[in-house]
Amino acid sequence: MGDRYSLQEEPIHPWIRSAPFFQGLPESVVEPALTHLVTRTHPANQVILLENDWGGSVYFIFDGWVKIRTYNLEGKEVTLNILGKGELFGEMAALDEVPRSTDVITLTATVIGSMPSQDFVKLLQIEPLAGVRLSKLMARRLRQVNRRLRLRESDSQSRVADTLLFLAEGQGKKGQTGETEIPNLPHRELSSLSGLARETVTRVLTRLEKKGLIKRDQETICIPDVLALERLIV
């Protein structure tokens, strides 16, 4: 898998201010929490964490994309989530002090800040808003997982549409004409997220594009009408 730590250090503060988790928190609380935070640039396909690693840090994504993965009983890779700029990961191991439950791998060149677990927990203890934000984040992720589990027996069109909406909820951005833009991930990642064969995902995406429900270019998938895509889910 290569060296997980062949990294380049970056300055901290320009990146920190872009992280929603820290926005609006008092400077008197944020500054001490950042004392030991280190930001690094990781290349694409770099392993950041491995399942069963011990949780010594919490990680903030300042730029780029990572995937959270595990393996099923047959040894097949399962992508649980795709995280991008402004997201965080590694918080569960920091809170309950047990080994990591998943792998984390970069999909693109990614800038990540790592904060020692004890600093993160102390921040939660002294700043109520930080705790509320973390609780909302974990609740949103749980709702997303529950929804995807309910759709496991649905048809392929519903499952692909839900995967696109899942990405739109987490990483969607409004385009200049009001459409929602999400990253145009490799079909193998969409396949793993949806639990469908890659060929099936490709066929469904082509069908959705012909219906005008999505538009694709090399970097992004545009969703002109999110509600229209939601109505496909049965």
# chains A, B, ... in the order shown; residues from 1 in each chain; ligands from 1
>>> residues_around(residues="stretch 136-147 of chain A", least_positions_apart="2", cutoff="10 Å", atoms="only C-alpha atoms", output="list in words")
Phe21, Leu80, Asn81, Glu87, Leu88, Glu91, Met92, Gly131, Val132, Arg133, Leu134, Leu149, Arg150, Leu151, Arg152, Asp162, Thr163, Phe166, Glu169 and Gly170 of chain A
>>> write_last_selection(atoms="N, CA and C atoms", output="CSV table (one decimal), in the first residue's frame")
chain,number,residue,atom,x,y,z
A,21,PHE,N,-16.7,23.1,11.1
A,21,PHE,CA,-16.7,22.7,12.5
A,21,PHE,C,-16.2,23.8,13.4
A,80,LEU,N,-18.4,2.9,2.5
A,80,LEU,CA,-19.4,3.4,3.4
A,80,LEU,C,-19.7,4.9,3.2
A,81,ASN,N,-18.7,5.6,2.9
A,81,ASN,CA,-19.0,7.1,2.7
A,81,ASN,C,-17.9,7.7,1.9
A,87,GLU,N,-15.3,18.3,6.0
A,87,GLU,CA,-15.7,17.1,6.8
A,87,GLU,C,-14.6,16.7,7.8
A,88,LEU,N,-15.0,15.8,8.7
A,88,LEU,CA,-14.0,15.3,9.7
A,88,LEU,C,-14.2,13.8,9.8
A,91,GLU,N,-13.5,10.5,14.6
A,91,GLU,CA,-14.0,11.0,15.9
A,91,GLU,C,-14.5,9.9,16.8
A,92,MET,N,-14.9,8.8,16.2
A,92,MET,CA,-15.5,7.7,17.0
A,92,MET,C,-14.4,7.1,17.9
A,131,GLY,N,-19.7,20.4,20.7
A,131,GLY,CA,-20.4,19.1,21.0
A,131,GLY,C,-21.7,19.0,20.2
A,132,VAL,N,-22.4,20.1,20.1
A,132,VAL,CA,-23.6,20.1,19.3
A,132,VAL,C,-23.4,19.8,17.8
A,133,ARG,N,-22.3,20.5,17.3
A,133,ARG,CA,-22.0,20.2,15.9
A,133,ARG,C,-21.6,18.8,15.6
A,134,LEU,N,-20.8,18.2,16.5
A,134,LEU,CA,-20.4,16.8,16.3
A,134,LEU,C,-21.7,15.9,16.4
A,149,LEU,N,-29.7,1.5,3.8
A,149,LEU,CA,-30.1,0.1,4.2
A,149,LEU,C,-31.5,-0.2,3.8
A,150,ARG,N,-32.4,0.8,4.0
A,150,ARG,CA,-33.8,0.5,3.6
A,150,ARG,C,-33.9,0.3,2.1
A,151,LEU,N,-33.0,0.9,1.3
A,151,LEU,CA,-33.1,0.9,-0.2
A,151,LEU,C,-32.4,-0.3,-0.8
A,152,ARG,N,-31.7,-1.1,0.1
A,152,ARG,CA,-30.9,-2.2,-0.5
A,152,ARG,C,-31.7,-3.2,-1.3
A,162,ASP,N,-30.4,7.4,-5.2
A,162,ASP,CA,-30.2,7.7,-3.8
A,162,ASP,C,-28.7,7.9,-3.5
A,163,THR,N,-27.8,7.2,-4.2
A,163,THR,CA,-26.4,7.4,-4.0
A,163,THR,C,-26.0,8.8,-4.4
A,166,PHE,N,-27.3,11.2,-1.8
A,166,PHE,CA,-26.4,11.0,-0.7
A,166,PHE,C,-25.2,11.9,-0.8
A,169,GLU,N,-26.2,15.6,-0.6
A,169,GLU,CA,-26.4,16.1,0.8
A,169,GLU,C,-25.1,16.4,1.5
A,170,GLY,N,-24.1,15.5,1.3
A,170,GLY,CA,-22.9,15.7,2.0
A,170,GLY,C,-21.9,16.7,1.4
>>> select_by_dssp(residues="stretch 10-208 of chain A", states="alpha helix (DSSP H)", output="ChimeraX atom specification")
/A:13-16,27-33,91-96,117-126,128-150,156-171,187-194,198-208
>>> residues_around(residues="stretch 187-200 of chain A", least_positions_apart="6", cutoff="12 Å", atoms="only C-alpha atoms", output="ChimeraX atom specification")
/A:66-72,76-82,105,107,144-145,147-167,206-207
>>> select_by_dssp(residues="stretch 120-222 of chain A", states="strand (DSSP E)", output="compact mmCIF listing (two decimals) with all heavy atoms, in the first residue's frame")
# COMPACT_ATOMS: atom_id res chain seq x y z
N LYS A 173 -22.79 21.25 -4.11
CA LYS A 173 -22.58 22.69 -4.18
C LYS A 173 -23.51 23.26 -5.25
O LYS A 173 -23.77 22.63 -6.26
CB LYS A 173 -21.12 23.02 -4.54
CG LYS A 173 -20.11 22.53 -3.52
CD LYS A 173 -18.69 22.85 -3.96
CE LYS A 173 -17.67 22.36 -2.94
NZ LYS A 173 -16.28 22.63 -3.37
N LYS A 174 -24.01 24.45 -4.99
CA LYS A 174 -24.89 25.10 -5.95
C LYS A 174 -24.08 25.71 -7.09
O LYS A 174 -23.12 26.44 -6.86
CB LYS A 174 -25.71 26.19 -5.27
CG LYS A 174 -26.81 25.67 -4.36
CD LYS A 174 -27.86 24.90 -5.16
CE LYS A 174 -28.99 24.41 -4.26
NZ LYS A 174 -29.99 23.63 -5.03
N THR A 180 -27.38 21.52 -8.59
CA THR A 180 -26.51 20.98 -7.54
C THR A 180 -25.39 20.19 -8.19
O THR A 180 -25.64 19.33 -9.03
CB THR A 180 -27.30 20.07 -6.58
OG1 THR A 180 -28.36 20.81 -5.98
CG2 THR A 180 -26.40 19.52 -5.50
N GLU A 181 -24.16 20.50 -7.82
CA GLU A 181 -22.99 19.84 -8.39
C GLU A 181 -22.37 18.92 -7.36
O GLU A 181 -22.19 19.28 -6.20
CB GLU A 181 -21.96 20.87 -8.85
CG GLU A 181 -22.45 21.78 -9.97
CD GLU A 181 -21.41 22.80 -10.38
OE1 GLU A 181 -20.37 22.92 -9.68
OE2 GLU A 181 -21.62 23.49 -11.40
N ILE A 182 -22.04 17.70 -7.80
CA ILE A 182 -21.34 16.74 -6.96
C ILE A 182 -20.14 16.21 -7.74
O ILE A 182 -20.11 16.32 -8.97
CB ILE A 182 -22.25 15.57 -6.53
CG1 ILE A 182 -22.77 14.81 -7.75
CG2 ILE A 182 -23.40 16.08 -5.67
CD1 ILE A 182 -23.59 13.58 -7.40
N PRO A 183 -19.15 15.63 -7.06
CA PRO A 183 -17.99 15.12 -7.79
C PRO A 183 -18.36 13.93 -8.67
O PRO A 183 -19.17 13.08 -8.29
CB PRO A 183 -17.03 14.69 -6.67
CG PRO A 183 -17.91 14.45 -5.50
CD PRO A 183 -19.01 15.45 -5.60
N LYS A 215 -26.45 15.85 -15.55
CA LYS A 215 -25.54 16.24 -16.62
C LYS A 215 -24.13 15.96 -16.14
O LYS A 215 -23.80 16.26 -14.98
CB LYS A 215 -25.70 17.72 -16.97
CG LYS A 215 -27.08 18.08 -17.53
CD LYS A 215 -27.16 19.54 -17.92
CE LYS A 215 -27.17 20.42 -16.69
NZ LYS A 215 -27.36 21.87 -17.02
N ARG A 216 -23.30 15.40 -17.00
CA ARG A 216 -21.96 14.99 -16.58
C ARG A 216 -20.88 15.64 -17.41
O ARG A 216 -21.03 15.84 -18.61
CB ARG A 216 -21.82 13.46 -16.67
CG ARG A 216 -22.64 12.69 -15.69
CD ARG A 216 -22.39 11.20 -15.80
NE ARG A 216 -22.96 10.61 -17.02
CZ ARG A 216 -22.81 9.35 -17.38
NH1 ARG A 216 -22.05 8.54 -16.64
NH2 ARG A 216 -23.37 8.89 -18.46
N THR A 220 -17.52 16.81 -12.71
CA THR A 220 -18.72 16.94 -11.90
C THR A 220 -19.93 16.24 -12.53
O THR A 220 -19.98 16.00 -13.73
CB THR A 220 -19.09 18.42 -11.67
OG1 THR A 220 -19.35 19.03 -12.95
CG2 THR A 220 -17.98 19.16 -10.96
N ILE A 221 -20.89 15.93 -11.67
CA ILE A 221 -22.24 15.54 -12.07
C ILE A 221 -23.16 16.65 -11.59
O ILE A 221 -23.15 16.99 -10.40
CB ILE A 221 -22.66 14.19 -11.47
CG1 ILE A 221 -21.78 13.06 -12.00
CG2 ILE A 221 -24.13 13.91 -11.77
CD1 ILE A 221 -22.10 11.70 -11.39
N CYS A 222 -23.93 17.22 -12.49
CA CYS A 222 -24.88 18.27 -12.14
C CYS A 222 -26.28 17.67 -12.05
O CYS A 222 -26.71 16.92 -12.92
CB CYS A 222 -24.88 19.39 -13.18
SG CYS A 222 -23.34 20.32 -13.23
>>> atom_distance(atom1="atom CA of A:Ala109", atom2="atom CA of A:Thr202")
25.0 Å
>>> atom_distance(atom1="atom CA of A:Lys85", atom2="atom CA of A:Gly113")
11.2 Å
>>> atom_distance(atom1="atom CA of A:Arg231", atom2="atom CA of A:Gly175")
21.5 Å
>>> closest_residue(among="A:Arg203, A:Lys122, A:His42, A:Lys210", to="A:Thr110", atoms="only C-alpha atoms")
A:His42
>>> residues_around(residues="A:Gly178", least_positions_apart="5", cutoff="12 Å", atoms="only C-alpha atoms", output="VMD selection string")
chain A and resid 172 to 173 222 to 226
>>> write_last_selection(atoms="C-alpha atoms", output="tab-separated table (two decimals), in the first residue's frame")
chain	number	residue	atom	x	y	z
A	172	GLY	CA	-23.28	19.13	-3.07
A	173	LYS	CA	-22.58	22.69	-4.18
A	222	CYS	CA	-24.88	18.27	-12.14
A	223	ILE	CA	-28.37	17.60	-10.79
A	224	PRO	CA	-30.71	20.24	-12.29
A	225	ASP	CA	-33.66	19.29	-10.07
A	226	VAL	CA	-32.99	17.42	-6.83
>>> closest_residue(among="A:Thr102, A:Gln118, A:Ser28, A:Thr35", to="A:Ile48", atoms="only C-alpha atoms")
A:Thr102
>>> closest_residue(among="A:Leu232, A:Leu208, A:Leu25, A:Val121", to="A:Glu97", atoms="only C-alpha atoms")
A:Val121
>>> residues_around(residues="stretch 52-64 of chain A", least_positions_apart="5", cutoff="7 Å", atoms="only C-alpha atoms", output="PyMOL selection string")
chain A and resi 15+18-19+84-91+93-94+97-101+108-117
>>> decode(residues="stretch 117-166 of chain A", atoms="N, CA and C atoms", output="PDB file, in the first residue's frame")
ATOM      1  N   SER A 117      -6.256  13.293  19.753  1.00  0.00           N
ATOM      2  CA  SER A 117      -7.567  12.956  20.305  1.00  0.00           C
ATOM      3  C   SER A 117      -7.847  13.684  21.615  1.00  0.00           C
ATOM      4  N   GLN A 118      -6.838  13.792  22.467  1.00  0.00           N
ATOM      5  CA  GLN A 118      -7.075  14.423  23.762  1.00  0.00           C
ATOM      6  C   GLN A 118      -7.425  15.904  23.613  1.00  0.00           C
ATOM      7  N   ASP A 119      -6.859  16.566  22.598  1.00  0.00           N
ATOM      8  CA  ASP A 119      -7.197  17.974  22.352  1.00  0.00           C
ATOM      9  C   ASP A 119      -8.632  18.091  21.834  1.00  0.00           C
ATOM     10  N   PHE A 120      -9.040  17.151  20.979  1.00  0.00           N
ATOM     11  CA  PHE A 120     -10.392  17.169  20.438  1.00  0.00           C
ATOM     12  C   PHE A 120     -11.412  16.934  21.548  1.00  0.00           C
ATOM     13  N   VAL A 121     -11.167  15.960  22.399  1.00  0.00           N
ATOM     14  CA  VAL A 121     -12.091  15.663  23.499  1.00  0.00           C
ATOM     15  C   VAL A 121     -12.165  16.843  24.472  1.00  0.00           C
ATOM     16  N   LYS A 122     -11.051  17.475  24.736  1.00  0.00           N
ATOM     17  CA  LYS A 122     -11.053  18.636  25.627  1.00  0.00           C
ATOM     18  C   LYS A 122     -11.873  19.771  25.030  1.00  0.00           C
ATOM     19  N   LEU A 123     -11.760  19.961  23.710  1.00  0.00           N
ATOM     20  CA  LEU A 123     -12.551  20.997  23.044  1.00  0.00           C
ATOM     21  C   LEU A 123     -14.044  20.731  23.228  1.00  0.00           C
ATOM     22  N   LEU A 124     -14.457  19.483  23.086  1.00  0.00           N
ATOM     23  CA  LEU A 124     -15.860  19.133  23.263  1.00  0.00           C
ATOM     24  C   LEU A 124     -16.319  19.369  24.702  1.00  0.00           C
ATOM     25  N   GLN A 125     -15.419  19.148  25.643  1.00  0.00           N
ATOM     26  CA  GLN A 125     -15.780  19.289  27.056  1.00  0.00           C
ATOM     27  C   GLN A 125     -15.984  20.745  27.467  1.00  0.00           C
ATOM     28  N   ILE A 126     -15.237  21.654  26.821  1.00  0.00           N
ATOM     29  CA  ILE A 126     -15.295  23.046  27.280  1.00  0.00           C
ATOM     30  C   ILE A 126     -16.130  23.946  26.381  1.00  0.00           C
ATOM     31  N   GLU A 127     -16.480  23.480  25.160  1.00  0.00           N
ATOM     32  CA  GLU A 127     -17.242  24.326  24.245  1.00  0.00           C
ATOM     33  C   GLU A 127     -18.506  23.598  23.794  1.00  0.00           C
ATOM     34  N   PRO A 128     -19.673  23.975  24.332  1.00  0.00           N
ATOM     35  CA  PRO A 128     -20.928  23.288  23.997  1.00  0.00           C
ATOM     36  C   PRO A 128     -21.235  23.269  22.509  1.00  0.00           C
ATOM     37  N   LEU A 129     -20.950  24.352  21.786  1.00  0.00           N
ATOM     38  CA  LEU A 129     -21.267  24.405  20.364  1.00  0.00           C
ATOM     39  C   LEU A 129     -20.509  23.338  19.583  1.00  0.00           C
ATOM     40  N   ALA A 130     -19.272  23.045  19.979  1.00  0.00           N
ATOM     41  CA  ALA A 130     -18.507  21.994  19.310  1.00  0.00           C
ATOM     42  C   ALA A 130     -19.186  20.638  19.507  1.00  0.00           C
ATOM     43  N   GLY A 131     -19.668  20.389  20.726  1.00  0.00           N
ATOM     44  CA  GLY A 131     -20.364  19.137  20.981  1.00  0.00           C
ATOM     45  C   GLY A 131     -21.654  19.020  20.197  1.00  0.00           C
ATOM     46  N   VAL A 132     -22.393  20.114  20.085  1.00  0.00           N
ATOM     47  CA  VAL A 132     -23.641  20.111  19.312  1.00  0.00           C
ATOM     48  C   VAL A 132     -23.351  19.832  17.842  1.00  0.00           C
ATOM     49  N   ARG A 133     -22.330  20.452  17.303  1.00  0.00           N
ATOM     50  CA  ARG A 133     -21.993  20.231  15.896  1.00  0.00           C
ATOM     51  C   ARG A 133     -21.602  18.784  15.628  1.00  0.00           C
ATOM     52  N   LEU A 134     -20.829  18.204  16.531  1.00  0.00           N
ATOM     53  CA  LEU A 134     -20.445  16.810  16.350  1.00  0.00           C
ATOM     54  C   LEU A 134     -21.667  15.902  16.438  1.00  0.00           C
ATOM     55  N   SER A 135     -22.564  16.188  17.362  1.00  0.00           N
ATOM     56  CA  SER A 135     -23.779  15.382  17.508  1.00  0.00           C
ATOM     57  C   SER A 135     -24.624  15.452  16.246  1.00  0.00           C
ATOM     58  N   LYS A 136     -24.773  16.630  15.660  1.00  0.00           N
ATOM     59  CA  LYS A 136     -25.552  16.785  14.435  1.00  0.00           C
ATOM     60  C   LYS A 136     -24.899  16.037  13.273  1.00  0.00           C
ATOM     61  N   LEU A 137     -23.572  16.102  13.210  1.00  0.00           N
ATOM     62  CA  LEU A 137     -22.854  15.391  12.157  1.00  0.00           C
ATOM     63  C   LEU A 137     -23.084  13.889  12.261  1.00  0.00           C
ATOM     64  N   MET A 138     -22.964  13.343  13.452  1.00  0.00           N
ATOM     65  CA  MET A 138     -23.127  11.904  13.633  1.00  0.00           C
ATOM     66  C   MET A 138     -24.581  11.482  13.398  1.00  0.00           C
ATOM     67  N   ALA A 139     -25.539  12.340  13.773  1.00  0.00           N
ATOM     68  CA  ALA A 139     -26.948  12.032  13.524  1.00  0.00           C
ATOM     69  C   ALA A 139     -27.228  12.014  12.022  1.00  0.00           C
ATOM     70  N   ARG A 140     -26.670  12.963  11.280  1.00  0.00           N
ATOM     71  CA  ARG A 140     -26.872  12.992   9.826  1.00  0.00           C
ATOM     72  C   ARG A 140     -26.303  11.749   9.171  1.00  0.00           C
ATOM     73  N   ARG A 141     -25.129  11.333   9.590  1.00  0.00           N
ATOM     74  CA  ARG A 141     -24.525  10.142   9.002  1.00  0.00           C
ATOM     75  C   ARG A 141     -25.336   8.887   9.326  1.00  0.00           C
ATOM     76  N   LEU A 142     -25.880   8.816  10.535  1.00  0.00           N
ATOM     77  CA  LEU A 142     -26.704   7.665  10.897  1.00  0.00           C
ATOM     78  C   LEU A 142     -27.975   7.629  10.056  1.00  0.00           C
ATOM     79  N   ARG A 143     -28.608   8.767   9.839  1.00  0.00           N
ATOM     80  CA  ARG A 143     -29.802   8.820   8.991  1.00  0.00           C
ATOM     81  C   ARG A 143     -29.485   8.365   7.575  1.00  0.00           C
ATOM     82  N   GLN A 144     -28.327   8.789   7.062  1.00  0.00           N
ATOM     83  CA  GLN A 144     -27.943   8.395   5.706  1.00  0.00           C
ATOM     84  C   GLN A 144     -27.752   6.888   5.601  1.00  0.00           C
ATOM     85  N   VAL A 145     -27.097   6.298   6.594  1.00  0.00           N
ATOM     86  CA  VAL A 145     -26.890   4.851   6.578  1.00  0.00           C
ATOM     87  C   VAL A 145     -28.223   4.118   6.647  1.00  0.00           C
ATOM     88  N   ASN A 146     -29.115   4.577   7.517  1.00  0.00           N
ATOM     89  CA  ASN A 146     -30.423   3.938   7.642  1.00  0.00           C
ATOM     90  C   ASN A 146     -31.190   3.993   6.331  1.00  0.00           C
ATOM     91  N   ARG A 147     -31.126   5.116   5.653  1.00  0.00           N
ATOM     92  CA  ARG A 147     -31.833   5.254   4.378  1.00  0.00           C
ATOM     93  C   ARG A 147     -31.253   4.310   3.338  1.00  0.00           C
ATOM     94  N   ARG A 148     -29.942   4.224   3.271  1.00  0.00           N
ATOM     95  CA  ARG A 148     -29.321   3.338   2.284  1.00  0.00           C
ATOM     96  C   ARG A 148     -29.647   1.878   2.575  1.00  0.00           C
ATOM     97  N   LEU A 149     -29.708   1.510   3.850  1.00  0.00           N
ATOM     98  CA  LEU A 149     -30.057   0.135   4.201  1.00  0.00           C
ATOM     99  C   LEU A 149     -31.493  -0.187   3.780  1.00  0.00           C
ATOM    100  N   ARG A 150     -32.409   0.772   3.950  1.00  0.00           N
ATOM    101  CA  ARG A 150     -33.802   0.545   3.561  1.00  0.00           C
ATOM    102  C   ARG A 150     -33.939   0.339   2.056  1.00  0.00           C
ATOM    103  N   LEU A 151     -33.019   0.942   1.289  1.00  0.00           N
ATOM    104  CA  LEU A 151     -33.125   0.879  -0.170  1.00  0.00           C
ATOM    105  C   LEU A 151     -32.355  -0.291  -0.772  1.00  0.00           C
ATOM    106  N   ARG A 152     -31.750  -1.139   0.053  1.00  0.00           N
ATOM    107  CA  ARG A 152     -30.938  -2.242  -0.467  1.00  0.00           C
ATOM    108  C   ARG A 152     -31.744  -3.210  -1.334  1.00  0.00           C
ATOM    109  N   GLU A 153     -33.046  -3.294  -1.112  1.00  0.00           N
ATOM    110  CA  GLU A 153     -33.879  -4.191  -1.902  1.00  0.00           C
ATOM    111  C   GLU A 153     -34.620  -3.456  -3.024  1.00  0.00           C
ATOM    112  N   SER A 154     -34.354  -2.174  -3.195  1.00  0.00           N
ATOM    113  CA  SER A 154     -35.023  -1.408  -4.247  1.00  0.00           C
ATOM    114  C   SER A 154     -34.397  -1.695  -5.605  1.00  0.00           C
ATOM    115  N   ASP A 155     -35.010  -1.160  -6.671  1.00  0.00           N
ATOM    116  CA  ASP A 155     -34.477  -1.358  -8.017  1.00  0.00           C
ATOM    117  C   ASP A 155     -33.214  -0.532  -8.204  1.00  0.00           C
ATOM    118  N   SER A 156     -32.471  -0.844  -9.264  1.00  0.00           N
ATOM    119  CA  SER A 156     -31.159  -0.219  -9.485  1.00  0.00           C
ATOM    120  C   SER A 156     -31.270   1.288  -9.693  1.00  0.00           C
ATOM    121  N   GLN A 157     -32.331   1.743 -10.361  1.00  0.00           N
ATOM    122  CA  GLN A 157     -32.482   3.182 -10.590  1.00  0.00           C
ATOM    123  C   GLN A 157     -32.658   3.926  -9.270  1.00  0.00           C
ATOM    124  N   SER A 158     -33.454   3.370  -8.366  1.00  0.00           N
ATOM    125  CA  SER A 158     -33.651   3.995  -7.058  1.00  0.00           C
ATOM    126  C   SER A 158     -32.347   4.053  -6.279  1.00  0.00           C
ATOM    127  N   ARG A 159     -31.565   2.995  -6.352  1.00  0.00           N
ATOM    128  CA  ARG A 159     -30.334   2.935  -5.566  1.00  0.00           C
ATOM    129  C   ARG A 159     -29.265   3.877  -6.105  1.00  0.00           C
ATOM    130  N   VAL A 160     -29.175   4.010  -7.413  1.00  0.00           N
ATOM    131  CA  VAL A 160     -28.214   4.962  -7.976  1.00  0.00           C
ATOM    132  C   VAL A 160     -28.665   6.391  -7.679  1.00  0.00           C
ATOM    133  N   ALA A 161     -29.968   6.654  -7.847  1.00  0.00           N
ATOM    134  CA  ALA A 161     -30.483   7.994  -7.546  1.00  0.00           C
ATOM    135  C   ALA A 161     -30.221   8.351  -6.092  1.00  0.00           C
ATOM    136  N   ASP A 162     -30.432   7.400  -5.187  1.00  0.00           N
ATOM    137  CA  ASP A 162     -30.190   7.665  -3.771  1.00  0.00           C
ATOM    138  C   ASP A 162     -28.717   7.914  -3.491  1.00  0.00           C
ATOM    139  N   THR A 163     -27.835   7.203  -4.185  1.00  0.00           N
ATOM    140  CA  THR A 163     -26.401   7.425  -4.007  1.00  0.00           C
ATOM    141  C   THR A 163     -26.013   8.839  -4.439  1.00  0.00           C
ATOM    142  N   LEU A 164     -26.572   9.301  -5.551  1.00  0.00           N
ATOM    143  CA  LEU A 164     -26.293  10.668  -6.010  1.00  0.00           C
ATOM    144  C   LEU A 164     -26.833  11.695  -5.012  1.00  0.00           C
ATOM    145  N   LEU A 165     -28.021  11.444  -4.480  1.00  0.00           N
ATOM    146  CA  LEU A 165     -28.594  12.357  -3.488  1.00  0.00           C
ATOM    147  C   LEU A 165     -27.804  12.327  -2.183  1.00  0.00           C
ATOM    148  N   PHE A 166     -27.292  11.161  -1.827  1.00  0.00           N
ATOM    149  CA  PHE A 166     -26.434  11.015  -0.654  1.00  0.00           C
ATOM    150  C   PHE A 166     -25.188  11.896  -0.798  1.00  0.00           C
TER     151      PHE A 166
END
